[in-house]
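**Student:** entry_23.cif is reproduced in full below (mmCIF, C-alpha atoms).
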data_input
loop_
_atom_site.label_atom_id
_atom_site.label_comp_id
_atom_site.auth_asym_id
_atom_site.auth_seq_id
_atom_site.Cartn_x
_atom_site.Cartn_y
_atom_site.Cartn_z
CA MET U 23 -2.44 -43.99 -7.38
CA MET U 24 0.22 -41.29 -7.10
CA SER U 25 2.51 -40.30 -9.88
CA GLU U 26 6.24 -39.90 -9.30
CA GLN U 27 6.09 -36.65 -11.25
CA MET U 28 3.97 -35.10 -8.54
CA PHE U 29 7.11 -34.88 -6.39
CA PHE U 30 9.90 -34.69 -8.96
CA ALA U 31 9.41 -34.10 -12.68
CA GLY U 32 13.09 -34.18 -13.54
CA ALA U 33 16.22 -32.12 -13.16
CA SER U 34 15.48 -29.99 -16.21
CA GLY U 35 12.41 -28.47 -14.48
CA VAL U 36 14.43 -27.68 -11.38
CA TRP U 37 17.23 -26.07 -13.41
CA ARG U 38 14.70 -24.06 -15.46
CA THR U 39 13.07 -22.80 -12.25
CA LEU U 40 16.44 -21.79 -10.79
CA LEU U 41 17.71 -20.08 -13.94
CA VAL U 42 14.49 -18.33 -14.98
CA GLY U 43 13.67 -17.47 -11.36
CA LEU U 44 17.02 -15.83 -10.77
CA CYS U 45 16.90 -13.90 -14.05
CA ALA U 46 13.29 -12.82 -13.48
CA TYR U 47 14.09 -11.70 -9.94
CA VAL U 48 17.10 -9.65 -11.05
CA LEU U 49 15.12 -8.07 -13.89
CA LEU U 50 12.19 -7.27 -11.56
CA ILE U 51 14.59 -5.55 -9.13
CA PHE U 52 16.01 -3.56 -12.06
CA VAL U 53 12.51 -2.51 -13.21
CA LEU U 54 11.54 -1.50 -9.67
CA ARG U 55 14.74 0.48 -9.10
CA THR U 56 14.33 2.37 -12.37
CA THR U 57 10.65 3.20 -11.78
CA GLY U 58 11.20 4.56 -8.27
CA LYS U 59 9.96 3.97 -4.75
CA ARG U 60 6.34 4.67 -5.56
CA THR U 61 5.92 1.47 -7.58
CA LEU U 62 5.87 -0.68 -4.44
CA SER U 63 4.22 1.75 -2.09
CA LYS U 64 0.84 0.86 -0.67
CA MET U 65 -0.59 4.33 -0.79
CA ASN U 66 -3.90 3.35 -2.34
CA ALA U 67 -5.79 0.43 -3.82
CA PHE U 68 -4.16 0.78 -7.24
CA ASP U 69 -0.65 0.65 -5.74
CA LEU U 70 -1.59 -2.48 -3.81
CA ILE U 71 -2.98 -4.09 -6.97
CA VAL U 72 0.26 -3.38 -8.83
CA THR U 73 2.30 -4.88 -5.98
CA VAL U 74 0.20 -8.06 -5.93
CA ALA U 75 0.25 -8.28 -9.74
CA LEU U 76 4.06 -8.00 -9.80
CA GLY U 77 4.35 -10.84 -7.28
CA SER U 78 1.87 -12.98 -9.18
CA THR U 79 3.68 -12.33 -12.44
CA LEU U 80 7.02 -13.27 -10.88
CA ALA U 81 5.54 -16.54 -9.59
CA THR U 82 4.01 -17.33 -12.98
CA VAL U 83 7.27 -16.66 -14.82
CA ILE U 84 9.20 -18.84 -12.40
CA LEU U 85 6.80 -21.79 -12.28
CA SER U 86 5.01 -21.89 -15.63
CA LYS U 87 6.86 -23.46 -18.52
CA ASP U 88 4.31 -21.82 -20.84
CA VAL U 89 5.54 -18.29 -19.97
CA ALA U 90 8.91 -17.27 -21.36
CA LEU U 91 11.23 -14.96 -19.43
CA ALA U 92 10.84 -12.26 -22.12
CA GLU U 93 7.06 -12.35 -21.69
CA GLY U 94 7.41 -12.04 -17.92
CA VAL U 95 9.78 -9.09 -18.20
CA THR U 96 7.34 -7.46 -20.63
CA ALA U 97 4.60 -7.91 -18.01
CA PHE U 98 6.83 -6.37 -15.29
CA VAL U 99 7.56 -3.36 -17.47
CA MET U 100 3.91 -2.99 -18.52
CA LEU U 101 2.74 -3.01 -14.88
CA ALA U 102 5.41 -0.52 -13.84
CA VAL U 103 4.61 1.81 -16.76
CA ALA U 104 0.87 1.59 -16.00
CA GLN U 105 1.58 2.46 -12.38
CA LEU U 106 3.77 5.39 -13.42
CA ALA U 107 1.04 6.63 -15.79
CA VAL U 108 -1.62 6.46 -13.09
CA THR U 109 0.54 8.32 -10.57
CA TRP U 110 1.55 10.91 -13.20
CA LEU U 111 -2.11 11.54 -14.07
CA SER U 112 -3.08 11.58 -10.37
CA VAL U 113 -0.60 14.36 -9.67
CA ARG U 114 -1.84 16.44 -12.60
CA SER U 115 -5.60 15.85 -12.59
CA SER U 116 -7.82 16.16 -9.51
CA ARG U 117 -10.67 14.43 -11.36
CA PHE U 118 -8.46 11.44 -12.17
CA ARG U 119 -7.01 11.44 -8.64
CA GLY U 120 -10.55 11.30 -7.24
CA TRP U 121 -11.31 8.29 -9.42
CA VAL U 122 -8.17 6.37 -8.40
CA LYS U 123 -7.63 7.39 -4.78
CA ALA U 124 -9.79 7.53 -1.69
CA GLU U 125 -9.91 10.57 0.56
CA PRO U 126 -8.82 10.42 4.21
CA THR U 127 -11.78 10.04 6.58
CA THR U 128 -12.06 11.50 10.07
CA LEU U 129 -13.30 8.81 12.47
CA VAL U 130 -12.84 10.64 15.80
CA ARG U 131 -13.10 14.37 16.44
CA ASN U 132 -12.43 15.88 19.88
CA GLY U 133 -12.59 12.50 21.59
CA MET U 134 -15.94 11.51 20.03
CA MET U 135 -16.28 8.59 17.60
CA LEU U 136 -18.18 9.54 14.45
CA SER U 137 -20.57 6.68 13.76
CA GLU U 138 -21.52 7.46 10.13
CA PRO U 139 -17.94 7.64 8.80
CA MET U 140 -17.07 4.53 10.86
CA LYS U 141 -19.98 2.63 9.28
CA SER U 142 -19.17 3.73 5.75
CA GLU U 143 -15.48 2.79 6.18
CA ARG U 144 -16.35 -0.43 8.06
CA VAL U 145 -14.20 0.45 11.08
CA THR U 146 -15.16 -0.82 14.53
CA PRO U 147 -14.73 1.02 17.83
CA ASP U 148 -12.28 -1.74 18.86
CA GLU U 149 -10.03 -0.92 15.89
CA ILE U 150 -10.03 2.76 16.82
CA ASP U 151 -9.29 1.91 20.45
CA ALA U 152 -6.40 -0.30 19.31
CA ALA U 153 -4.96 2.53 17.17
CA VAL U 154 -5.27 4.96 20.09
CA ARG U 155 -3.55 2.49 22.45
CA GLY U 156 -0.89 1.84 19.80
CA ALA U 157 -0.20 5.57 19.75
CA GLY U 158 0.41 5.49 23.50
CA PHE U 159 -2.90 6.82 24.81
CA ASP U 160 -5.27 5.10 27.21
CA GLY U 161 -8.49 6.61 25.91
CA LEU U 162 -10.19 9.05 23.59
CA ASP U 163 -10.20 11.91 26.11
CA ALA U 164 -6.73 13.02 25.02
CA ILE U 165 -7.45 12.62 21.29
CA ALA U 166 -8.26 15.47 18.92
CA LEU U 167 -8.50 13.37 15.73
CA VAL U 168 -8.28 9.85 14.43
CA VAL U 169 -8.10 9.82 10.64
CA LEU U 170 -8.35 6.75 8.41
CA GLU U 171 -5.73 7.48 5.78
CA THR U 172 -5.89 6.46 2.13
CA ASP U 173 -3.43 3.61 2.74
CA GLY U 174 -5.55 2.03 5.50
CA SER U 175 -3.48 3.31 8.41
CA MET U 176 -4.93 5.47 11.16
CA SER U 177 -3.36 8.76 12.15
CA VAL U 178 -3.92 9.63 15.80
CA VAL U 179 -3.49 13.27 16.80
CA SER U 180 -3.57 14.12 20.49
CA ARG U 181 -5.24 17.28 21.73
CA ALA U 182 -1.85 18.44 23.03
CA ASN U 183 -0.22 17.93 19.61
CA ALA U 184 -3.18 19.58 17.87
CA SER U 185 -2.86 22.64 20.15
CA ALA U 186 0.94 22.70 19.78
CA SER U 187 0.51 22.29 16.04
CA ASP U 188 -1.83 25.27 15.90
CA ARG U 189 0.68 27.38 17.86
CA THR U 190 3.64 26.12 15.79
CA GLN U 191 1.85 26.69 12.51
CA SER U 192 1.00 30.26 13.45
CA THR U 193 4.62 31.04 14.37
CA ASN U 194 6.72 29.25 11.75
CA GLY U 195 4.33 27.65 9.22
CA THR U 196 5.05 24.02 10.08
CA ASN U 197 2.85 21.34 11.58
CA GLU U 198 3.46 18.60 14.11
CA ARG U 199 3.28 15.17 12.51
CA PRO U 200 0.49 12.90 13.67
CA ILE U 201 1.30 9.54 15.22
CA ARG U 202 0.57 6.84 12.64
CA CYS U 203 -0.73 3.41 13.57
CA ARG U 204 -1.55 0.56 11.23
CA ILE U 205 -4.81 -1.30 11.75
CA GLY U 206 -5.64 -4.91 10.91
#
Take the structure from the file and write it as structure tokens.

**Tutor:**
Amino acid sequence: MMSEQMFFAGASGVWRTLLVGLCAYVLLIFVLRTTGKRTLSKMNAFDLIVTVALGSTLATVILSKDVALAEGVTAFVMLAVAQLAVTWLSVRSSRFRGWVKAEPTTLVRNGMMLSEPMKSERVTPDEIDAAVRGAGFDGLDAIALVVLETDGSMSVVSRANASASDRTQSTNGTNERPIRCRIG
């Protein structure tokens, strides 16, 4: 036996969802704009957790009658402040940064896949091949490095760019940028 309330619990619930949802959304945008771009970046696992938590909090505020708008805004601010504190400490403390962030891992060097780092990072040869193809190369012969970055993307550096980068760095102190490809 189905209840009518499963499909429509009344206009007051719809109006509450619209009003609280709009207010929560506007306040979340305000919090995100005041805390800066880094709050929604996916640079490491902690940043991803904050992003997911903000979305979950927004959904809870909008749909749960047990959570008031003021409580939801408090949660938004708390998550943003926690994220700011972690990034502030990460910039100032290498020990803390090591605890919160992963290090980039080289998966290919001079066209050779490195099996131990690939195993420890759970990356398959097919994923590396896909990143290399995505960077516009047809094989590992032209590749100097493939690096699994802290955000889960792979940087592919061709041997030509690596050589040019070495020459450029020695003449003017700058480096060529690697080609970045997202996996998965």

**Student:** Quick one: everything within 12 Å of Leu162 in chain U, counting all atoms listed in the file, minus sequence neighbours fewer than 6 positions away in the same chain. Send it as a PDB file with C-alpha atoms, in the frame of the given file.

**Tutor:**
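What ended up in around_27.pdb:
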ATOM      1  CA  LEU U 129     -13.300   8.810  12.470  1.00  0.00           C
ATOM      2  CA  VAL U 130     -12.840  10.640  15.800  1.00  0.00           C
ATOM      3  CA  ARG U 131     -13.100  14.370  16.440  1.00  0.00           C
ATOM      4  CA  ASN U 132     -12.430  15.880  19.880  1.00  0.00           C
ATOM      5  CA  GLY U 133     -12.590  12.500  21.590  1.00  0.00           C
ATOM      6  CA  MET U 134     -15.940  11.510  20.030  1.00  0.00           C
ATOM      7  CA  MET U 135     -16.280   8.590  17.600  1.00  0.00           C
ATOM      8  CA  PRO U 147     -14.730   1.020  17.830  1.00  0.00           C
ATOM      9  CA  ASP U 148     -12.280  -1.740  18.860  1.00  0.00           C
ATOM     10  CA  ILE U 150     -10.030   2.760  16.820  1.00  0.00           C
ATOM     11  CA  ASP U 151      -9.290   1.910  20.450  1.00  0.00           C
ATOM     12  CA  ALA U 152      -6.400  -0.300  19.310  1.00  0.00           C
ATOM     13  CA  ALA U 153      -4.960   2.530  17.170  1.00  0.00           C
ATOM     14  CA  VAL U 154      -5.270   4.960  20.090  1.00  0.00           C
ATOM     15  CA  ARG U 155      -3.550   2.490  22.450  1.00  0.00           C
ATOM     16  CA  VAL U 168      -8.280   9.850  14.430  1.00  0.00           C
ATOM     17  CA  VAL U 178      -3.920   9.630  15.800  1.00  0.00           C
ATOM     18  CA  VAL U 179      -3.490  13.270  16.800  1.00  0.00           C
ATOM     19  CA  SER U 180      -3.570  14.120  20.490  1.00  0.00           C
ATOM     20  CA  ARG U 181      -5.240  17.280  21.730  1.00  0.00           C
TER      21      ARG U 181
END

**Student:** Quick one: pull the distance between CA of Lys123 in chain U and CA of Val169 in chain U, Å, one decimal.

**Tutor:** 15.6 Å

**Student:** Can you turn the PyMOL selection byres ((chain U and resi 45) around 12) into a concrete residue list for this file, as a VMD selection string?

**Tutor:** chain U and resid 38 to 44 46 to 52 80 83 to 84 90 to 92 94 to 95

**Student:** I'd like the interatomic distance between CA of Leu167 in chain U and CA of Arg117 in chain U, to a tenth of an Å.

**Tutor:**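 Separation of CA of Leu167 in chain U and CA of Arg117 in chain U: 27.2 Å.
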
**Student:** When you count all atoms listed in the file, which of these residues is closest to Ser86 in chain U: U:Phe29, U:Glu125, U:Val36, U:Gly156?

**Tutor:** U:Val36

**Student:** Which residue out of U:Trp110, U:Phe118, U:Phe30, U:Trp37 has the minimum interatomic distance to Lys87 in chain U when only C-alpha atoms are used?

**Tutor:**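 Of U:Trp110, U:Phe118, U:Phe30, U:Trp37, the one nearest Lys87 in chain U is U:Trp37, counting only C-alpha atoms.
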
**Student:** Keeping all heavy atoms (and nothing else), can you write range 168-182 of chain U of this structure as a PDB file, in the first residue's frame?

**Tutor:**
ATOM      1  N   VAL U 168      56.358  10.118 -17.243  1.00  0.00           N
ATOM      2  CA  VAL U 168      54.936  10.187 -16.927  1.00  0.00           C
ATOM      3  C   VAL U 168      54.889  10.225 -15.409  1.00  0.00           C
ATOM      4  O   VAL U 168      55.432   9.350 -14.739  1.00  0.00           O
ATOM      5  CB  VAL U 168      54.130   8.982 -17.462  1.00  0.00           C
ATOM      6  CG1 VAL U 168      52.688   9.054 -16.979  1.00  0.00           C
ATOM      7  CG2 VAL U 168      54.192   8.924 -18.982  1.00  0.00           C
ATOM      8  N   VAL U 169      54.276  11.276 -14.883  1.00  0.00           N
ATOM      9  CA  VAL U 169      54.223  11.484 -13.438  1.00  0.00           C
ATOM     10  C   VAL U 169      52.763  11.483 -12.993  1.00  0.00           C
ATOM     11  O   VAL U 169      51.937  12.200 -13.564  1.00  0.00           O
ATOM     12  CB  VAL U 169      54.900  12.821 -13.040  1.00  0.00           C
ATOM     13  CG1 VAL U 169      54.809  13.058 -11.551  1.00  0.00           C
ATOM     14  CG2 VAL U 169      56.341  12.846 -13.502  1.00  0.00           C
ATOM     15  N   LEU U 170      52.455  10.662 -11.976  1.00  0.00           N
ATOM     16  CA  LEU U 170      51.138  10.701 -11.348  1.00  0.00           C
ATOM     17  C   LEU U 170      51.168  11.833 -10.335  1.00  0.00           C
ATOM     18  O   LEU U 170      51.915  11.791  -9.353  1.00  0.00           O
ATOM     19  CB  LEU U 170      50.822   9.364 -10.664  1.00  0.00           C
ATOM     20  CG  LEU U 170      49.458   9.274  -9.980  1.00  0.00           C
ATOM     21  CD1 LEU U 170      48.328   9.420 -10.991  1.00  0.00           C
ATOM     22  CD2 LEU U 170      49.348   7.953  -9.234  1.00  0.00           C
ATOM     23  N   GLU U 171      50.393  12.873 -10.612  1.00  0.00           N
ATOM     24  CA  GLU U 171      50.405  14.057  -9.764  1.00  0.00           C
ATOM     25  C   GLU U 171      49.545  13.838  -8.526  1.00  0.00           C
ATOM     26  O   GLU U 171      48.793  12.884  -8.440  1.00  0.00           O
ATOM     27  CB  GLU U 171      49.900  15.273 -10.559  1.00  0.00           C
ATOM     28  CG  GLU U 171      50.709  15.576 -11.804  1.00  0.00           C
ATOM     29  CD  GLU U 171      52.144  16.048 -11.553  1.00  0.00           C
ATOM     30  OE1 GLU U 171      52.511  16.296 -10.379  1.00  0.00           O
ATOM     31  OE2 GLU U 171      52.895  16.174 -12.528  1.00  0.00           O
ATOM     32  N   THR U 172      49.649  14.747  -7.580  1.00  0.00           N
ATOM     33  CA  THR U 172      48.926  14.614  -6.314  1.00  0.00           C
ATOM     34  C   THR U 172      47.420  14.699  -6.476  1.00  0.00           C
ATOM     35  O   THR U 172      46.679  14.236  -5.618  1.00  0.00           O
ATOM     36  CB  THR U 172      49.390  15.674  -5.300  1.00  0.00           C
ATOM     37  OG1 THR U 172      49.134  16.970  -5.845  1.00  0.00           O
ATOM     38  CG2 THR U 172      50.874  15.525  -4.995  1.00  0.00           C
ATOM     39  N   ASP U 173      46.954  15.275  -7.582  1.00  0.00           N
ATOM     40  CA  ASP U 173      45.511  15.389  -7.815  1.00  0.00           C
ATOM     41  C   ASP U 173      44.950  14.238  -8.637  1.00  0.00           C
ATOM     42  O   ASP U 173      43.781  14.243  -9.003  1.00  0.00           O
ATOM     43  CB  ASP U 173      45.167  16.725  -8.473  1.00  0.00           C
ATOM     44  CG  ASP U 173      45.730  16.867  -9.875  1.00  0.00           C
ATOM     45  OD1 ASP U 173      46.467  15.967 -10.343  1.00  0.00           O
ATOM     46  OD2 ASP U 173      45.428  17.885 -10.522  1.00  0.00           O
ATOM     47  N   GLY U 174      45.775  13.234  -8.958  1.00  0.00           N
ATOM     48  CA  GLY U 174      45.313  12.082  -9.711  1.00  0.00           C
ATOM     49  C   GLY U 174      45.494  12.205 -11.205  1.00  0.00           C
ATOM     50  O   GLY U 174      45.236  11.249 -11.933  1.00  0.00           O
ATOM     51  N   SER U 175      45.941  13.355 -11.693  1.00  0.00           N
ATOM     52  CA  SER U 175      46.193  13.500 -13.124  1.00  0.00           C
ATOM     53  C   SER U 175      47.592  12.976 -13.432  1.00  0.00           C
ATOM     54  O   SER U 175      48.416  12.793 -12.531  1.00  0.00           O
ATOM     55  CB  SER U 175      46.069  14.964 -13.550  1.00  0.00           C
ATOM     56  OG  SER U 175      47.067  15.739 -12.923  1.00  0.00           O
ATOM     57  N   MET U 176      47.829  12.713 -14.706  1.00  0.00           N
ATOM     58  CA  MET U 176      49.154  12.288 -15.137  1.00  0.00           C
ATOM     59  C   MET U 176      49.756  13.375 -16.001  1.00  0.00           C
ATOM     60  O   MET U 176      49.119  13.850 -16.941  1.00  0.00           O
ATOM     61  CB  MET U 176      49.076  10.984 -15.929  1.00  0.00           C
ATOM     62  CG  MET U 176      48.808   9.781 -15.092  1.00  0.00           C
ATOM     63  SD  MET U 176      49.076   8.302 -16.081  1.00  0.00           S
ATOM     64  CE  MET U 176      48.058   7.158 -15.170  1.00  0.00           C
ATOM     65  N   SER U 177      50.978  13.758 -15.680  1.00  0.00           N
ATOM     66  CA  SER U 177      51.734  14.680 -16.522  1.00  0.00           C
ATOM     67  C   SER U 177      52.611  13.852 -17.438  1.00  0.00           C
ATOM     68  O   SER U 177      53.313  12.948 -16.982  1.00  0.00           O
ATOM     69  CB  SER U 177      52.616  15.597 -15.666  1.00  0.00           C
ATOM     70  OG  SER U 177      51.819  16.438 -14.872  1.00  0.00           O
ATOM     71  N   VAL U 178      52.546  14.141 -18.730  1.00  0.00           N
ATOM     72  CA  VAL U 178      53.341  13.438 -19.727  1.00  0.00           C
ATOM     73  C   VAL U 178      54.340  14.433 -20.302  1.00  0.00           C
ATOM     74  O   VAL U 178      53.937  15.474 -20.825  1.00  0.00           O
ATOM     75  CB  VAL U 178      52.436  12.869 -20.846  1.00  0.00           C
ATOM     76  CG1 VAL U 178      53.269  12.184 -21.921  1.00  0.00           C
ATOM     77  CG2 VAL U 178      51.408  11.918 -20.259  1.00  0.00           C
ATOM     78  N   VAL U 179      55.617  14.111 -20.196  1.00  0.00           N
ATOM     79  CA  VAL U 179      56.669  14.980 -20.709  1.00  0.00           C
ATOM     80  C   VAL U 179      57.398  14.220 -21.812  1.00  0.00           C
ATOM     81  O   VAL U 179      57.943  13.137 -21.567  1.00  0.00           O
ATOM     82  CB  VAL U 179      57.671  15.396 -19.608  1.00  0.00           C
ATOM     83  CG1 VAL U 179      58.748  16.313 -20.165  1.00  0.00           C
ATOM     84  CG2 VAL U 179      56.942  16.050 -18.445  1.00  0.00           C
ATOM     85  N   SER U 180      57.394  14.792 -23.011  1.00  0.00           N
ATOM     86  CA  SER U 180      58.075  14.135 -24.126  1.00  0.00           C
ATOM     87  C   SER U 180      59.582  14.326 -23.985  1.00  0.00           C
ATOM     88  O   SER U 180      60.045  15.246 -23.306  1.00  0.00           O
ATOM     89  CB  SER U 180      57.602  14.695 -25.461  1.00  0.00           C
ATOM     90  OG  SER U 180      58.117  16.005 -25.651  1.00  0.00           O
ATOM     91  N   ARG U 181      60.329  13.457 -24.638  1.00  0.00           N
ATOM     92  CA  ARG U 181      61.794  13.597 -24.619  1.00  0.00           C
ATOM     93  C   ARG U 181      62.199  14.913 -25.263  1.00  0.00           C
ATOM     94  O   ARG U 181      63.119  15.573 -24.796  1.00  0.00           O
ATOM     95  CB  ARG U 181      62.446  12.418 -25.329  1.00  0.00           C
ATOM     96  CG  ARG U 181      62.299  11.130 -24.563  1.00  0.00           C
ATOM     97  CD  ARG U 181      62.994   9.994 -25.281  1.00  0.00           C
ATOM     98  NE  ARG U 181      62.592   8.741 -24.694  1.00  0.00           N
ATOM     99  CZ  ARG U 181      63.435   7.764 -24.404  1.00  0.00           C
ATOM    100  NH1 ARG U 181      64.709   7.889 -24.659  1.00  0.00           N
ATOM    101  NH2 ARG U 181      62.990   6.651 -23.864  1.00  0.00           N
ATOM    102  N   ALA U 182      61.489  15.332 -26.306  1.00  0.00           N
ATOM    103  CA  ALA U 182      61.801  16.597 -26.973  1.00  0.00           C
ATOM    104  C   ALA U 182      61.566  17.767 -26.026  1.00  0.00           C
ATOM    105  O   ALA U 182      62.391  18.672 -25.932  1.00  0.00           O
ATOM    106  CB  ALA U 182      60.959  16.754 -28.236  1.00  0.00           C
TER     107      ALA U 182
END
